[in-house]
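Structure file protein-v4.cif with mmCIF, C-alpha atoms:
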```
data_protein
#
loop_
_atom_site.group_PDB
_atom_site.id
_atom_site.type_symbol
_atom_site.label_atom_id
_atom_site.label_comp_id
_atom_site.auth_asym_id
_atom_site.auth_seq_id
_atom_site.Cartn_x
_atom_site.Cartn_y
_atom_site.Cartn_z
ATOM 1 C CA MET W 3 18.387 8.770 35.703
ATOM 2 C CA SER W 4 15.386 9.527 37.904
ATOM 3 C CA GLY W 5 13.060 10.176 34.986
ATOM 4 C CA ARG W 6 15.118 13.004 33.494
ATOM 5 C CA LEU W 7 15.423 13.006 29.726
ATOM 6 C CA GLN W 8 19.004 13.305 28.553
ATOM 7 C CA GLY W 9 20.713 12.980 25.216
ATOM 8 C CA LEU W 10 17.663 13.194 22.959
ATOM 9 C CA TYR W 11 18.792 14.505 19.643
ATOM 10 C CA ASP W 12 18.615 14.115 15.919
ATOM 11 C CA LEU W 13 21.826 13.052 14.255
ATOM 12 C CA TYR W 14 22.234 13.666 10.548
ATOM 13 C CA ARG W 15 24.653 11.978 8.186
ATOM 14 C CA GLU W 16 27.560 14.006 6.785
ATOM 15 C CA GLY W 17 26.373 16.274 3.982
ATOM 16 C CA THR W 18 22.740 16.167 5.150
ATOM 17 C CA GLY W 19 20.571 18.988 6.436
ATOM 18 C CA LYS W 20 17.041 20.227 6.974
ATOM 19 C CA LEU W 21 15.706 23.190 5.088
ATOM 20 C CA ILE W 22 14.355 25.982 7.262
ATOM 21 C CA GLU W 23 12.429 28.509 5.211
ATOM 22 C CA PRO W 24 12.214 32.194 6.221
ATOM 23 C CA GLY W 25 9.402 32.714 8.728
ATOM 24 C CA GLU W 26 9.227 29.070 9.829
ATOM 25 C CA LYS W 27 8.967 28.313 13.526
ATOM 26 C CA ILE W 28 10.591 25.554 15.533
ATOM 27 C CA SER W 29 8.477 23.934 18.221
ATOM 28 C CA TRP W 30 8.391 20.733 20.244
ATOM 29 C CA ASP W 31 6.447 19.003 22.975
ATOM 30 C CA GLN W 32 7.788 17.857 26.296
ATOM 31 C CA HIS W 33 6.368 14.941 28.235
ATOM 32 C CA ILE W 34 6.920 15.570 31.915
ATOM 33 C CA HIS W 35 5.771 13.173 34.615
ATOM 34 C CA ALA W 36 6.218 12.707 38.355
ATOM 35 C CA VAL W 37 9.330 10.827 39.467
ATOM 36 C CA GLY W 38 8.986 11.187 43.245
ATOM 37 C CA GLU W 39 11.593 13.924 43.668
ATOM 38 C CA ASP W 40 12.082 17.591 42.839
ATOM 39 C CA VAL W 41 13.548 17.960 39.366
ATOM 40 C CA THR W 42 14.339 21.137 37.484
ATOM 41 C CA GLY W 43 13.105 20.966 33.914
ATOM 42 C CA GLY W 44 14.273 22.852 30.899
ATOM 43 C CA SER W 45 15.073 22.654 27.244
ATOM 44 C CA GLU W 46 17.985 23.547 25.054
ATOM 45 C CA ILE W 47 18.245 23.701 21.303
ATOM 46 C CA ALA W 48 21.295 24.049 19.110
ATOM 47 C CA LEU W 49 21.320 24.640 15.370
ATOM 48 C CA TRP W 50 24.328 24.326 13.097
ATOM 49 C CA PHE W 51 24.047 26.155 9.807
ATOM 50 C CA TYR W 52 25.947 25.437 6.625
ATOM 51 C CA PRO W 53 28.167 28.352 5.580
ATOM 52 C CA LYS W 54 26.730 30.678 2.950
ATOM 53 C CA GLY W 55 27.181 29.177 -0.498
ATOM 54 C CA GLN W 56 27.430 25.637 0.797
ATOM 55 C CA GLU W 57 24.375 23.451 0.735
ATOM 56 C CA PRO W 58 23.956 19.869 1.923
ATOM 57 C CA LYS W 59 23.885 17.227 -0.807
ATOM 58 C CA LYS W 60 20.969 15.436 0.890
ATOM 59 C CA ARG W 61 17.885 16.626 2.736
ATOM 60 C CA SER W 62 16.458 15.020 5.859
ATOM 61 C CA TYR W 63 12.727 14.738 6.482
ATOM 62 C CA LEU W 64 11.006 13.741 9.681
ATOM 63 C CA ILE W 65 8.542 10.996 8.915
ATOM 64 C CA GLY W 66 6.591 9.894 11.953
ATOM 65 C CA PHE W 67 5.866 6.216 11.454
ATOM 66 C CA THR W 68 3.066 5.526 13.878
ATOM 67 C CA GLY W 69 1.745 2.327 15.367
ATOM 68 C CA ILE W 70 -1.708 3.849 15.594
ATOM 69 C CA ASP W 71 -4.475 3.493 13.062
ATOM 70 C CA ARG W 72 -5.749 7.057 13.356
ATOM 71 C CA SER W 73 -9.273 5.943 12.453
ATOM 72 C CA LYS W 74 -9.364 3.608 15.477
ATOM 73 C CA GLY W 75 -7.205 5.461 18.012
ATOM 74 C CA SER W 76 -4.919 3.850 20.575
ATOM 75 C CA THR W 77 -7.235 2.930 23.427
ATOM 76 C CA SER W 78 -6.122 -0.036 25.530
ATOM 77 C CA PRO W 79 -9.092 -1.450 27.451
ATOM 78 C CA PRO W 80 -8.654 -1.872 31.236
ATOM 79 C CA ASN W 81 -7.089 -5.157 32.357
ATOM 80 C CA SER W 82 -5.968 -6.104 28.856
ATOM 81 C CA ILE W 83 -2.918 -6.614 26.712
ATOM 82 C CA SER W 84 -3.481 -5.178 23.254
ATOM 83 C CA HIS W 85 -1.811 -3.837 20.154
ATOM 84 C CA THR W 86 -2.390 -1.215 17.486
ATOM 85 C CA GLU W 87 -1.003 -0.965 13.960
ATOM 86 C CA GLY W 88 -0.187 1.829 11.557
ATOM 87 C CA PHE W 89 0.920 1.882 7.921
ATOM 88 C CA THR W 90 2.914 4.507 6.005
ATOM 89 C CA VAL W 91 3.701 4.307 2.273
ATOM 90 C CA LEU W 92 7.097 5.766 1.364
ATOM 91 C CA LYS W 93 6.654 8.433 -1.302
ATOM 92 C CA GLU W 94 10.290 8.293 -2.441
ATOM 93 C CA ASN W 95 13.389 6.145 -2.023
ATOM 94 C CA THR W 96 14.229 6.376 1.674
ATOM 95 C CA LEU W 97 17.191 5.834 3.984
ATOM 96 C CA ILE W 98 15.998 5.310 7.570
ATOM 97 C CA THR W 99 18.644 6.748 9.879
ATOM 98 C CA ASN W 100 17.044 6.186 13.291
ATOM 99 C CA PHE W 101 14.094 4.753 15.155
ATOM 100 C CA GLN W 102 12.588 6.173 18.317
ATOM 101 C CA PRO W 103 9.697 4.195 19.786
ATOM 102 C CA HIS W 104 7.311 6.601 21.443
ATOM 103 C CA PHE W 105 4.704 5.537 23.951
ATOM 104 C CA HIS W 106 3.032 6.696 27.048
ATOM 105 C CA LEU W 107 2.998 4.709 30.279
ATOM 106 C CA ARG W 108 1.235 1.537 29.063
ATOM 107 C CA GLY W 109 3.438 0.978 26.001
ATOM 108 C CA LYS W 110 5.495 -2.221 26.153
ATOM 109 C CA ALA W 111 7.033 -3.009 22.751
ATOM 110 C CA MET W 112 7.184 -1.690 19.195
ATOM 111 C CA GLN W 113 8.065 -3.393 15.929
ATOM 112 C CA VAL W 114 8.807 -1.750 12.573
ATOM 113 C CA GLU W 115 8.425 -3.912 9.484
ATOM 114 C CA ALA W 116 9.011 -2.975 5.841
ATOM 115 C CA ILE W 117 6.699 -4.490 3.227
ATOM 116 C CA LEU W 118 8.555 -4.066 -0.038
ATOM 117 C CA PRO W 119 6.821 -3.444 -3.379
ATOM 118 C CA THR W 120 7.746 -7.070 -4.249
ATOM 119 C CA GLY W 121 5.668 -8.283 -1.281
ATOM 120 C CA ASN W 122 8.764 -9.397 0.676
ATOM 121 C CA ARG W 123 8.779 -8.424 4.347
ATOM 122 C CA GLN W 124 11.687 -7.337 6.520
ATOM 123 C CA ILE W 125 11.770 -6.555 10.245
ATOM 124 C CA VAL W 126 13.549 -3.206 10.526
ATOM 125 C CA SER W 127 13.513 -2.742 14.322
ATOM 126 C CA TYR W 128 12.018 -4.269 17.413
ATOM 127 C CA VAL W 129 12.156 -2.788 20.897
ATOM 128 C CA GLY W 130 10.742 -4.985 23.658
ATOM 129 C CA ASN W 131 10.407 -4.070 27.328
ATOM 130 C CA PHE W 132 9.930 -0.389 26.531
ATOM 131 C CA ASN W 133 10.690 1.867 29.503
ATOM 132 C CA PHE W 134 8.683 5.096 29.603
ATOM 133 C CA ASN W 135 11.499 6.823 31.508
ATOM 134 C CA TRP W 136 13.924 6.340 28.613
ATOM 135 C CA MET W 137 12.771 7.747 25.268
ATOM 136 C CA THR W 138 15.767 6.310 23.435
ATOM 137 C CA ASN W 139 16.603 7.237 19.854
ATOM 138 C CA TYR W 140 18.204 4.197 18.201
ATOM 139 C CA ILE W 141 20.574 5.480 15.519
ATOM 140 C CA TYR W 142 21.635 3.028 12.825
ATOM 141 C CA ALA W 143 25.345 2.707 12.015
ATOM 142 C CA ASP W 144 26.162 4.000 8.527
ATOM 143 C CA ASP W 145 26.551 0.487 7.123
ATOM 144 C CA GLU W 146 23.380 -0.799 8.861
ATOM 145 C CA ALA W 147 20.874 1.949 8.012
ATOM 146 C CA PRO W 148 18.076 0.365 5.960
ATOM 147 C CA VAL W 149 17.273 1.730 2.500
ATOM 148 C CA PHE W 150 13.866 1.157 0.920
ATOM 149 C CA PRO W 151 12.433 1.950 -2.508
ATOM 150 C CA LYS W 152 9.487 4.227 -3.159
ATOM 151 C CA GLY W 153 6.243 2.358 -2.525
ATOM 152 C CA THR W 154 7.537 0.371 0.449
ATOM 153 C CA VAL W 155 4.949 0.170 3.240
ATOM 154 C CA ILE W 156 6.276 0.755 6.745
ATOM 155 C CA HIS W 157 4.123 -1.285 9.130
ATOM 156 C CA VAL W 158 4.437 -0.363 12.809
ATOM 157 C CA THR W 159 2.925 -2.531 15.545
ATOM 158 C CA ALA W 160 2.680 -1.099 19.064
ATOM 159 C CA TYR W 161 2.002 -3.390 22.031
ATOM 160 C CA TYR W 162 0.362 -2.260 25.294
ATOM 161 C CA ASP W 163 -0.079 -3.757 28.771
ATOM 162 C CA ASN W 164 -2.952 -2.216 30.727
ATOM 163 C CA THR W 165 -3.110 -4.875 33.451
ATOM 164 C CA ARG W 166 -2.429 -4.662 37.170
ATOM 165 C CA GLN W 167 0.626 -6.883 36.604
ATOM 166 C CA GLN W 168 2.151 -4.057 34.551
ATOM 167 C CA GLU W 169 1.996 -1.801 37.615
ATOM 168 C CA GLN W 170 4.111 -4.170 39.733
ATOM 169 C CA PRO W 171 7.783 -3.119 40.227
#
```
For the file at hand, write its structure as structure tokens.
Amino acid sequence: MSGRLQGLYDLYREGTGKLIEPGEKISWDQHIHAVGEDVTGGSEIALWFYPKGQEPKKRSYLIGFTGIDRSKGSTSPPNSISHTEGFTVLKENTLITNFQPHFHLRGKAMQVEAILPTGNRQIVSYVGNFNFNWMTNYIYADDEAPVFPKGTVIHVTAYYDNTRQQEQP
């Protein structure tokens, strides 16, 4: 793959859409890094609209569950293995359709855990051996997508390796 990003997309369930209000803008960030060869970069976007008079039965929202406590930041001291944590309270009943761990170079693993209003805990996803060159979007199968009630806390733990060993091929 030589560091090129391919196949990143959002996939919505049948009958689901995002609402785009008049005057809204669509924007995104690209993370580009050296891969040791000339590579042509670029972006494409495609939008599919529901026909006039038809509206999706469900609405999709992007909720960025982060493994960073914004009050502490995500600094990984030199020559250390560390982790950060972040917590998000679900404001309504939620179906999680996909999980995309997002790190920069020192990221190594990410775990998503749901803490239910009952206090029970459930591991939702775990990605170990994260590879910066592959920003993979893990899409749950229809019958595997987790559903959580309002008030569930999504706890994300991000693990980092900032040692010389990490730099070895």
>> Can you tell me which residues surround W:Pro148 at a distance of at most 7 Å, considering all atoms listed in the file, apart from same-chain residues fewer than 2 positions away, and format the answer as a list in words?
In response: Leu97, Ile98, Glu146 and Phe150 of chain W
> Skipping near chain neighbours, those fewer than 2 positions away, what residues fall within 12 Å of W:Ile22 using all atoms listed in the file, listed as a count of residues only?
Replying inline: 14
>> Need to verify the contact set: W:Leu92, 8 Å, all atoms listed in the file, exclusion of same-chain residues closer than 4 positions in sequence. Can you return it as a ChimeraX atom specification?
In response: /W:96,151-156
>> I need the output of the PyMOL selection byres ((chain W and resi 139) around 6) for this file as a ChimeraX atom specification; which residues are they?
In response: /W:101-102,138,140
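Compared by their closest atoms to W:Ser78, and using all atoms listed in the file, the residues W:Val91, W:Val114, W:Ile125, W:Leu107 rank with W:Leu107 nearest.
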>> Could you list, as a list of chain:residue names, every residue within 6 Å of stretch 85-88 of chain W, counting all atoms listed in the file and ignoring same-chain residues fewer than 5 positions away?
In response: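 Here the qualifying residues turn out to be W:Thr68, W:Gly69, W:Ile70, W:Asp71, W:His157, W:Val158, W:Thr159, W:Ala160, W:Tyr161, W:Tyr162.
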> Hey, which of W:Ile117, W:Val149, W:Val129, W:Met112 ends up closest to W:Asn95? Count all atoms listed in the file.
Replying inline: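 Smallest distance to W:Asn95 is found for W:Val149.
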Would you mind completing stretch 158-169 of chain W to all heavy atoms and writing the output as a short mmCIF file (atom, residue, chain, number, x, y, z; two decimals), keeping the file's coordinate frame?
```
data_model
loop_
_atom_site.label_atom_id
_atom_site.label_comp_id
_atom_site.auth_asym_id
_atom_site.auth_seq_id
_atom_site.Cartn_x
_atom_site.Cartn_y
_atom_site.Cartn_z
N VAL W 158 4.02 -0.47 11.41
CA VAL W 158 4.44 -0.36 12.81
C VAL W 158 3.37 -1.01 13.68
O VAL W 158 2.18 -0.73 13.55
CB VAL W 158 4.62 1.11 13.22
CG1 VAL W 158 5.02 1.22 14.70
CG2 VAL W 158 5.67 1.78 12.35
N THR W 159 3.82 -1.89 14.58
CA THR W 159 2.92 -2.53 15.54
C THR W 159 3.35 -2.10 16.94
O THR W 159 4.53 -2.23 17.29
CB THR W 159 2.96 -4.06 15.43
OG1 THR W 159 2.72 -4.44 14.07
CG2 THR W 159 1.92 -4.70 16.32
N ALA W 160 2.42 -1.55 17.70
CA ALA W 160 2.68 -1.10 19.06
C ALA W 160 1.91 -2.00 20.03
O ALA W 160 0.73 -2.26 19.82
CB ALA W 160 2.24 0.35 19.22
N TYR W 161 2.59 -2.47 21.06
CA TYR W 161 2.00 -3.39 22.03
C TYR W 161 1.85 -2.68 23.38
O TYR W 161 2.75 -1.95 23.81
CB TYR W 161 2.89 -4.62 22.20
CG TYR W 161 3.06 -5.39 20.91
CD1 TYR W 161 4.10 -5.10 20.04
CD2 TYR W 161 2.16 -6.39 20.56
CE1 TYR W 161 4.25 -5.80 18.85
CE2 TYR W 161 2.31 -7.09 19.37
CZ TYR W 161 3.35 -6.78 18.52
OH TYR W 161 3.50 -7.47 17.34
N TYR W 162 0.71 -2.92 24.04
CA TYR W 162 0.36 -2.26 25.29
C TYR W 162 0.01 -3.28 26.37
O TYR W 162 -0.54 -4.34 26.08
CB TYR W 162 -0.86 -1.34 25.11
CG TYR W 162 -0.66 -0.32 24.03
CD1 TYR W 162 -0.99 -0.60 22.71
CD2 TYR W 162 -0.16 0.94 24.33
CE1 TYR W 162 -0.80 0.34 21.71
CE2 TYR W 162 0.03 1.89 23.34
CZ TYR W 162 -0.30 1.59 22.03
OH TYR W 162 -0.12 2.51 21.05
N ASP W 163 0.31 -2.94 27.62
CA ASP W 163 -0.08 -3.76 28.77
C ASP W 163 -0.82 -2.85 29.74
O ASP W 163 -0.22 -1.98 30.37
CB ASP W 163 1.16 -4.35 29.43
CG ASP W 163 0.82 -5.30 30.57
OD1 ASP W 163 -0.35 -5.30 31.05
OD2 ASP W 163 1.72 -6.04 31.01
N ASN W 164 -2.13 -3.03 29.83
CA ASN W 164 -2.95 -2.22 30.73
C ASN W 164 -3.53 -3.09 31.84
O ASN W 164 -4.69 -2.99 32.20
CB ASN W 164 -4.08 -1.54 29.93
CG ASN W 164 -4.71 -0.39 30.69
OD1 ASN W 164 -4.17 0.06 31.69
ND2 ASN W 164 -5.84 0.09 30.19
N THR W 165 -2.68 -3.98 32.37
CA THR W 165 -3.11 -4.88 33.45
C THR W 165 -2.49 -4.42 34.77
O THR W 165 -1.54 -3.63 34.79
CB THR W 165 -2.66 -6.32 33.18
OG1 THR W 165 -1.23 -6.37 33.18
CG2 THR W 165 -3.20 -6.83 31.85
N ARG W 166 -3.00 -4.95 35.85
CA ARG W 166 -2.43 -4.66 37.17
C ARG W 166 -1.00 -5.20 37.26
O ARG W 166 -0.16 -4.61 37.92
CB ARG W 166 -3.28 -5.25 38.29
CG ARG W 166 -4.57 -4.52 38.48
CD ARG W 166 -5.30 -5.07 39.71
NE ARG W 166 -6.58 -4.45 39.86
CZ ARG W 166 -6.79 -3.36 40.58
NH1 ARG W 166 -5.81 -2.80 41.23
NH2 ARG W 166 -8.00 -2.84 40.65
N GLN W 167 -0.72 -6.30 36.59
CA GLN W 167 0.63 -6.88 36.60
C GLN W 167 1.64 -5.87 36.09
O GLN W 167 2.74 -5.77 36.59
CB GLN W 167 0.67 -8.14 35.72
CG GLN W 167 2.03 -8.82 35.69
CD GLN W 167 2.44 -9.37 37.02
OE1 GLN W 167 1.60 -9.76 37.84
NE2 GLN W 167 3.73 -9.46 37.26
N GLN W 168 1.26 -5.06 35.12
CA GLN W 168 2.15 -4.06 34.55
C GLN W 168 2.56 -3.06 35.63
O GLN W 168 3.66 -2.53 35.58
CB GLN W 168 1.45 -3.35 33.37
CG GLN W 168 2.29 -2.34 32.65
CD GLN W 168 2.29 -0.95 33.26
OE1 GLN W 168 1.43 -0.56 34.03
NE2 GLN W 168 3.31 -0.20 32.94
N GLU W 169 1.72 -2.81 36.58
CA GLU W 169 2.00 -1.80 37.62
C GLU W 169 2.96 -2.31 38.68
O GLU W 169 3.48 -1.53 39.46
CB GLU W 169 0.70 -1.36 38.27
CG GLU W 169 -0.24 -0.67 37.29
CD GLU W 169 -1.63 -0.38 37.86
OE1 GLU W 169 -1.86 -0.72 39.05
OE2 GLU W 169 -2.46 0.14 37.14
#
```
